[in-house]
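A.B. asks: Input structure: data-v8.cif, which contains mmCIF, C-alpha atoms.
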```
data_start
loop_
_atom_site.label_atom_id
_atom_site.label_comp_id
_atom_site.auth_asym_id
_atom_site.auth_seq_id
_atom_site.Cartn_x
_atom_site.Cartn_y
_atom_site.Cartn_z
CA MET A 782 21.07 106.14 284.61
CA ASP A 783 20.13 108.08 287.76
CA GLU A 784 23.19 110.29 287.24
CA VAL A 785 22.25 110.90 283.61
CA PHE A 786 18.69 111.93 284.46
CA LYS A 787 19.98 114.15 287.30
CA ALA A 788 22.44 115.83 284.93
CA LEU A 789 19.80 116.44 282.25
CA ALA A 790 17.30 117.88 284.75
CA ASP A 791 19.22 121.15 285.08
CA PRO A 792 18.63 123.74 282.31
CA SER A 793 22.15 125.17 282.65
CA ARG A 794 23.66 121.75 282.00
CA ARG A 795 21.36 121.26 279.03
CA ARG A 796 22.61 124.58 277.65
CA LEU A 797 26.18 123.33 278.01
CA LEU A 798 25.26 120.21 276.03
CA ASP A 799 23.58 122.40 273.42
CA SER A 800 26.76 124.45 273.15
CA LEU A 801 28.87 121.33 272.63
CA ASN A 802 26.38 119.95 270.15
CA ALA A 803 26.74 123.17 268.16
CA ARG A 804 30.54 123.09 268.35
CA ASN A 805 32.28 120.11 269.90
CA GLY A 806 35.72 120.12 271.51
CA GLN A 807 35.51 123.41 273.45
CA SER A 808 37.76 124.54 276.29
CA LEU A 809 36.38 125.82 279.61
CA ARG A 810 37.19 129.36 278.50
CA GLU A 811 35.20 128.96 275.28
CA LEU A 812 32.22 127.45 277.09
CA CYS A 813 32.19 130.29 279.61
CA ALA A 814 32.28 132.87 276.83
CA GLY A 815 29.16 131.46 275.24
CA LEU A 816 27.09 131.27 278.44
CA ALA A 817 26.08 133.84 281.05
CA MET A 818 27.66 131.84 283.88
CA ALA A 819 30.71 132.28 286.07
CA ARG A 820 33.71 130.06 285.37
CA GLN A 821 33.26 128.27 288.70
CA SER A 822 29.61 127.51 287.94
CA VAL A 823 30.46 126.16 284.49
CA SER A 824 33.18 123.97 286.03
CA LYS A 825 30.71 122.53 288.56
CA HIS A 826 28.13 121.79 285.89
CA LEU A 827 30.76 120.16 283.67
CA ALA A 828 31.84 117.96 286.58
CA VAL A 829 28.25 116.68 286.93
CA LEU A 830 28.06 116.04 283.17
CA GLU A 831 31.40 114.20 283.23
CA THR A 832 30.25 112.05 286.15
CA ALA A 833 27.18 111.11 284.12
CA ASN A 834 29.47 110.41 281.10
CA LEU A 835 27.53 112.93 279.02
CA VAL A 836 30.75 114.89 278.52
CA THR A 837 34.18 113.44 277.97
CA THR A 838 37.47 115.34 277.96
CA VAL A 839 40.68 115.10 275.96
CA TRP A 840 43.91 116.99 276.68
CA ARG A 841 45.54 118.82 273.77
CA GLY A 842 48.84 119.98 275.21
CA ARG A 843 47.91 122.10 278.23
CA GLU A 844 44.35 122.65 277.07
CA LYS A 845 41.46 120.47 278.24
CA LEU A 846 38.80 120.10 275.55
CA HIS A 847 35.23 118.98 276.23
CA TYR A 848 33.23 116.70 273.95
CA LEU A 849 29.60 115.68 274.04
CA ASN A 850 29.28 111.90 274.53
CA ALA A 851 26.19 110.05 273.25
CA GLU A 852 26.79 106.68 274.95
CA PRO A 853 24.59 107.26 278.04
CA ILE A 854 21.70 108.46 275.87
CA ASN A 855 22.07 105.35 273.73
CA ALA A 856 21.88 103.24 276.90
CA ILE A 857 18.72 105.01 278.07
CA ALA A 858 17.14 104.61 274.66
CA GLU A 859 17.90 100.89 274.58
CA ARG A 860 16.55 100.48 278.11
CA TRP A 861 13.34 102.48 277.79
CA ILE A 862 12.27 103.58 274.32
CA ASP A 863 11.36 100.13 272.99
CA GLN A 864 9.17 99.46 276.06
CA TYR A 865 6.81 102.44 275.83
CA ASP A 866 4.61 104.22 273.35
CA ARG A 867 6.67 106.30 270.95
CA GLU A 868 4.69 109.50 271.58
CA ARG A 869 5.41 109.35 275.30
CA VAL A 870 9.16 109.26 274.73
CA ARG A 871 9.44 111.58 271.73
CA ALA A 872 11.44 114.16 273.71
CA LEU A 873 13.96 111.53 274.82
CA ALA A 874 14.25 110.18 271.29
CA ASP A 875 14.85 113.69 269.96
CA LEU A 876 17.57 114.22 272.56
CA LYS A 877 19.17 110.92 271.61
CA ARG A 878 19.27 111.96 267.96
CA ALA A 879 20.69 115.36 268.86
CA LEU A 880 23.49 113.88 270.93
CA GLU A 881 24.36 111.35 268.24
CA GLN A 882 24.75 114.03 265.57
CA GLU A 883 28.31 115.32 265.65
CA PRO A 884 28.54 119.03 264.74
CA MET A 885 29.76 119.77 261.25
CA THR A 886 32.45 122.06 262.69
CA SER A 887 34.18 119.19 264.53
CA ASN A 888 36.91 117.39 262.59
CA GLU A 889 37.30 114.52 265.04
CA PHE A 890 35.22 111.82 266.67
CA VAL A 891 35.39 111.30 270.45
CA TYR A 892 33.38 108.61 272.30
CA THR A 893 33.59 107.25 275.85
CA THR A 894 32.07 104.07 277.24
CA TYR A 895 32.43 102.09 280.47
CA ILE A 896 32.88 98.32 280.28
CA ASN A 897 32.69 95.75 283.05
CA THR A 898 36.01 94.08 282.27
CA THR A 899 39.74 94.44 282.96
CA PRO A 900 42.33 96.52 281.05
CA GLU A 901 44.08 93.30 280.04
CA ARG A 902 40.90 91.75 278.67
CA LEU A 903 39.99 94.93 276.81
CA TRP A 904 43.47 95.13 275.29
CA GLN A 905 43.07 91.56 274.07
CA ALA A 906 39.70 92.45 272.55
CA LEU A 907 41.28 95.35 270.65
CA THR A 908 44.26 93.40 269.30
CA ASP A 909 43.51 89.67 269.15
CA PRO A 910 41.98 88.58 265.81
CA ALA A 911 39.88 85.97 267.63
CA PHE A 912 38.12 88.88 269.36
CA THR A 913 38.11 91.55 266.65
CA ARG A 914 36.53 89.21 264.11
CA ARG A 915 33.58 88.58 266.47
CA TYR A 916 32.43 92.16 267.06
CA TRP A 917 34.08 93.97 264.12
CA GLY A 918 34.54 91.47 261.31
CA VAL A 919 38.13 92.73 261.02
CA ALA A 920 41.46 91.07 261.85
CA PHE A 921 44.91 92.65 262.08
CA GLU A 922 48.26 91.10 261.16
CA THR A 923 50.95 92.96 263.14
CA ASP A 924 53.23 92.53 266.15
CA TRP A 925 51.74 95.67 267.78
CA THR A 926 55.12 97.38 268.07
CA PRO A 927 55.15 101.14 267.40
CA GLY A 928 56.26 101.67 263.80
CA SER A 929 55.22 98.19 262.65
CA THR A 930 52.99 97.87 259.62
CA MET A 931 49.47 96.45 259.83
CA VAL A 932 47.62 94.22 257.38
CA TRP A 933 43.83 94.67 257.61
CA GLU A 934 41.58 91.73 256.77
CA GLN A 935 37.88 92.43 256.24
CA SER A 936 35.21 90.57 254.29
CA GLY A 937 37.82 88.19 252.91
CA GLU A 938 40.04 90.99 251.56
CA LYS A 939 43.49 91.85 252.91
CA THR A 940 44.78 95.41 252.68
CA ALA A 941 48.50 96.09 253.05
CA ASP A 942 50.16 99.50 252.86
CA PRO A 943 53.43 100.88 254.32
CA ALA A 944 51.41 103.78 255.76
CA GLN A 945 49.16 101.46 257.78
CA VAL A 946 51.22 101.46 260.97
CA VAL A 947 51.04 101.12 264.74
CA LEU A 948 51.67 104.54 266.31
CA GLU A 949 51.48 103.75 270.03
CA ALA A 950 51.08 100.53 271.97
CA GLU A 951 51.05 100.45 275.77
CA PRO A 952 49.29 97.18 276.71
CA GLY A 953 46.31 97.81 278.94
CA ARG A 954 46.67 101.60 278.65
CA ARG A 955 46.82 103.10 275.15
CA LEU A 956 46.71 101.96 271.53
CA SER A 957 46.91 104.10 268.40
CA TYR A 958 47.26 103.34 264.70
CA THR A 959 46.66 104.89 261.30
CA TRP A 960 43.41 104.13 259.51
CA HIS A 961 43.41 101.69 256.63
CA THR A 962 43.89 102.29 252.93
CA PHE A 963 40.77 102.25 250.76
CA THR A 964 41.30 99.89 247.84
CA PRO A 965 38.87 98.90 245.05
CA GLU A 966 38.92 95.33 246.40
CA TRP A 967 37.97 96.51 249.90
CA ALA A 968 35.24 98.77 248.51
CA LYS A 969 33.69 95.93 246.51
CA ALA A 970 33.81 93.57 249.50
CA VAL A 971 32.03 95.98 251.88
CA GLY A 972 29.65 97.55 249.35
CA VAL A 973 31.18 101.03 248.91
CA SER A 974 30.29 102.68 245.60
CA ASP A 975 32.87 103.92 243.11
CA ASP A 976 32.06 107.59 243.70
CA VAL A 977 32.39 107.25 247.49
CA LEU A 978 35.65 105.32 247.02
CA ALA A 979 37.00 108.13 244.86
CA ARG A 980 36.17 110.73 247.53
CA ILE A 981 37.58 108.86 250.52
CA SER A 982 40.71 107.78 248.62
CA ALA A 983 41.51 111.45 247.97
CA GLU A 984 41.41 112.33 251.69
CA ARG A 985 44.43 112.31 253.97
CA ARG A 986 44.88 109.31 256.23
CA SER A 987 43.29 109.56 259.69
CA LYS A 988 44.24 107.79 262.92
CA VAL A 989 42.39 106.21 265.84
CA THR A 990 43.47 106.14 269.49
CA PHE A 991 42.08 103.98 272.29
CA GLU A 992 42.67 105.26 275.83
CA ILE A 993 42.10 102.67 278.57
CA GLU A 994 41.62 103.70 282.20
CA PRO A 995 40.78 101.26 285.05
CA LEU A 996 38.00 102.45 287.37
CA GLY A 997 37.41 99.89 290.11
CA GLN A 998 35.72 96.89 288.52
CA MET A 999 35.04 98.87 285.36
CA VAL A 1000 37.25 100.14 282.56
CA LYS A 1001 36.78 103.54 280.93
CA LEU A 1002 37.44 103.38 277.19
CA THR A 1003 37.78 106.61 275.21
CA VAL A 1004 38.08 106.42 271.44
CA VAL A 1005 39.50 109.42 269.59
CA HIS A 1006 39.46 109.26 265.79
CA ASP A 1007 41.05 112.36 264.25
CA GLY A 1008 43.27 113.74 261.50
CA PHE A 1009 40.45 114.33 259.01
CA ASP A 1010 40.17 116.88 256.25
CA PRO A 1011 37.41 119.51 256.66
CA GLY A 1012 34.14 118.11 255.33
CA SER A 1013 35.56 114.58 255.41
CA THR A 1014 33.43 111.78 253.96
CA VAL A 1015 35.39 109.26 256.04
CA LEU A 1016 34.47 111.15 259.21
CA ASP A 1017 30.78 111.01 258.28
CA MET A 1018 31.11 107.25 257.77
CA ILE A 1019 32.90 106.45 261.03
CA ARG A 1020 30.54 108.67 263.10
CA GLY A 1021 27.78 106.18 262.42
CA GLY A 1022 29.97 103.11 262.70
CA TRP A 1023 31.90 103.57 265.94
CA PRO A 1024 28.94 103.75 268.40
CA ALA A 1025 27.46 100.49 267.13
CA LEU A 1026 30.88 98.84 267.00
CA LEU A 1027 31.75 99.85 270.56
CA SER A 1028 28.35 98.70 271.80
CA SER A 1029 29.06 95.30 270.29
CA LEU A 1030 32.52 95.24 271.90
CA LYS A 1031 31.02 96.09 275.29
CA THR A 1032 28.32 93.44 274.91
CA LEU A 1033 30.88 90.80 273.93
CA LEU A 1034 33.10 91.48 276.94
CA GLU A 1035 30.22 91.63 279.40
CA THR A 1036 28.04 88.78 278.11
CA GLY A 1037 30.27 86.64 275.92
CA GLU A 1038 28.21 87.37 272.81
CA ALA A 1039 28.60 90.23 270.33
CA LEU A 1040 25.58 92.09 268.98
CA PRO A 1041 23.99 90.73 265.80
CA GLU A 1042 25.64 92.11 262.69
CA SER A 1043 22.60 94.21 261.82
CA ALA A 1044 22.73 95.92 265.23
CA ALA A 1045 26.49 96.40 265.28
CA GLY A 1046 26.57 98.00 261.82
#
```
Could you write out this structure as structure tokens?

C.D. replies:
Amino acid sequence: MDEVFKALADPSRRRLLDSLNARNGQSLRELCAGLAMARQSVSKHLAVLETANLVTTVWRGREKLHYLNAEPINAIAERWIDQYDRERVRALADLKRALEQEPMTSNEFVYTTYINTTPERLWQALTDPAFTRRYWGVAFETDWTPGSTMVWEQSGEKTADPAQVVLEAEPGRRLSYTWHTFTPEWAKAVGVSDDVLARISAERRSKVTFEIEPLGQMVKLTVVHDGFDPGSTVLDMIRGGWPALLSSLKTLLETGEALPESAAG
């Protein structure tokens, strides 16, 4: 938390976060163009923000894109906001809300968190039904081989589709698969209305990627969910779901207990 507060104390770094909040996924060149700062200065400020986990990066070919990451602000809010008078922390709460709101111009979701676990244990938590049921309420039937189909089980309903497939699977390093099919049975089980079902069923299928990086006794987990249509309803839905889900995953691995269902979403 000291690194987060240090990063937020500088107005230039706050302007960088504002720029990413307005348009996420910018390159260094794009960030420099929007601010009256030299490239070297922007690079130094971004390094501080990355160290504080307020900014996470994803490579697209040779281009390094920067994304605003809300996880540290969530952690500060959980640690402090509930303990003090709301008026005294209004500015922090407003910042938390701002960082959690993905810009409408971004057609992907990127989120980074650090978990006190091992890559092997995290891989098990992402793939083993005994784990996924506890923090997600979802189980997968697959052999986790690239190209293999996946059967999703949620709320007592199983969804099978030839397009639900494993894309990448490097144990302890990287996992990627296509998002599930939206069926009337699934919608009824999870409480999705007919009009929302019609909208999300008409959208192209997205995919999610988990990147796992060991960092000493911690593991850095970056989740990239992309492939959405412009103005995607599915993207709006997963933006609210992933942070709570990943918080529950982190809590389960670090304490042995997942968050209550109401807190995990």

A.B. asks: Return the single residue from A:Lys969, A:Phe912, A:Leu996, A:Glu934 that is closest to Leu1033 in chain A, with distances computed using all atoms listed in the file.

C.D. replies: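 Smallest distance to Leu1033 in chain A is found for A:Phe912.
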
A.B. asks: Between A:Val946, A:Ile993, A:Met782, A:Leu812, which one has atoms that come closest to Lys845 in chain A, using only C-alpha atoms?

C.D. replies: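 Checking each of A:Val946, A:Ile993, A:Met782, A:Leu812 against Lys845 in chain A, counting only C-alpha atoms, the winner is A:Leu812.
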
A.B. asks: Which residues, named as in the file, does the PyMOL selection byres ((chain A and resi 919-930) around 8) pick out? Answer as a list in words.

C.D. replies: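 Applying the PyMOL selection byres ((chain A and resi 919-930) around 8) to the structure shown produces Thr908, Asp909, Pro910, Ala911, Thr913, Arg914, Trp917, Gly918, Met931, Val932, Trp933, Glu934, Gln935, Ser936, Asp942, Pro943, Ala944, Gln945, Val946, Val947, Leu948, Glu949 and Ala950 of chain A.
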
A.B. asks: With the file shown as input, list the residues that the PyMOL selection byres ((chain A and resi 806) around 9) selects, as a PyMOL selection string.

C.D. replies: chain A and resi 801+804-805+807-808+838-839+845-849+887+889+891

A.B. asks: Could you tell me which residues the PyMOL selection byres ((chain A and resi 1031) around 10) returns for this structure, as a PyMOL selection string?

C.D. replies: chain A and resi 894-898+903+906+916+1002+1025-1030+1032-1040

A.B. asks: Write out as a ChimeraX atom specification each polymer residue whose atoms come within 12 Å of Arg810 in chain A, counting only C-alpha atoms; drop sequence neighbours fewer than 6 positions from it.

C.D. replies: /A:816,818-821,823-824,844-847

A.B. asks: Kindly export the residues of the current selection with C-alpha atoms, as a JSON list (two decimals), in the coordinates of the input.

C.D. replies:
```
[["chain", "number", "residue", "atom", "x", "y", "z"],
["A", 816, "LEU", "CA", 27.09, 131.27, 278.44],
["A", 818, "MET", "CA", 27.66, 131.84, 283.88],
["A", 819, "ALA", "CA", 30.71, 132.28, 286.07],
["A", 820, "ARG", "CA", 33.71, 130.06, 285.37],
["A", 821, "GLN", "CA", 33.26, 128.27, 288.70],
["A", 823, "VAL", "CA", 30.46, 126.16, 284.49],
["A", 824, "SER", "CA", 33.18, 123.97, 286.03],
["A", 844, "GLU", "CA", 44.35, 122.65, 277.07],
["A", 845, "LYS", "CA", 41.46, 120.47, 278.24],
["A", 846, "LEU", "CA", 38.80, 120.10, 275.55],
["A", 847, "HIS", "CA", 35.23, 118.98, 276.23]]
```

A.B. asks: For CA of Leu835 in chain A and CA of Glu852 in chain A, quote the distance in Å rounded to one decimal.

C.D. replies: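 Answer for the CA of Leu835 in chain A to CA of Glu852 in chain A separation: 7.5 Å.
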
A.B. asks: What is the distance, in Å and to one decimal place, between CA of Ala833 in chain A and CA of Pro1024 in chain A?

C.D. replies: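 Between these atoms lies a distance of 17.4 Å.
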
A.B. asks: Taking all atoms listed in the file into account, which of A:Ala790, A:Met1018, A:Ala983, A:Ala941 comes nearest Trp967 in chain A?

C.D. replies: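 So, comparing all the options, the nearest one is A:Ala941.
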
A.B. asks: As a ChimeraX atom specification, please: the residues near Lys988 in chain A (cut-off 8 Å, all atoms listed in the file, same-chain neighbours under 3 positions excluded).

C.D. replies: /A:957-960,1006-1008

A.B. asks: Select, from A:Phe890, A:Thr899, A:Thr964, A:Gly937, the residue with the minimum atom-to-atom distance to Phe1009 in chain A, counting only C-alpha atoms.

C.D. replies: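 Comparing A:Phe890, A:Thr899, A:Thr964, A:Gly937 against Phe1009 in chain A, the winner is A:Phe890.
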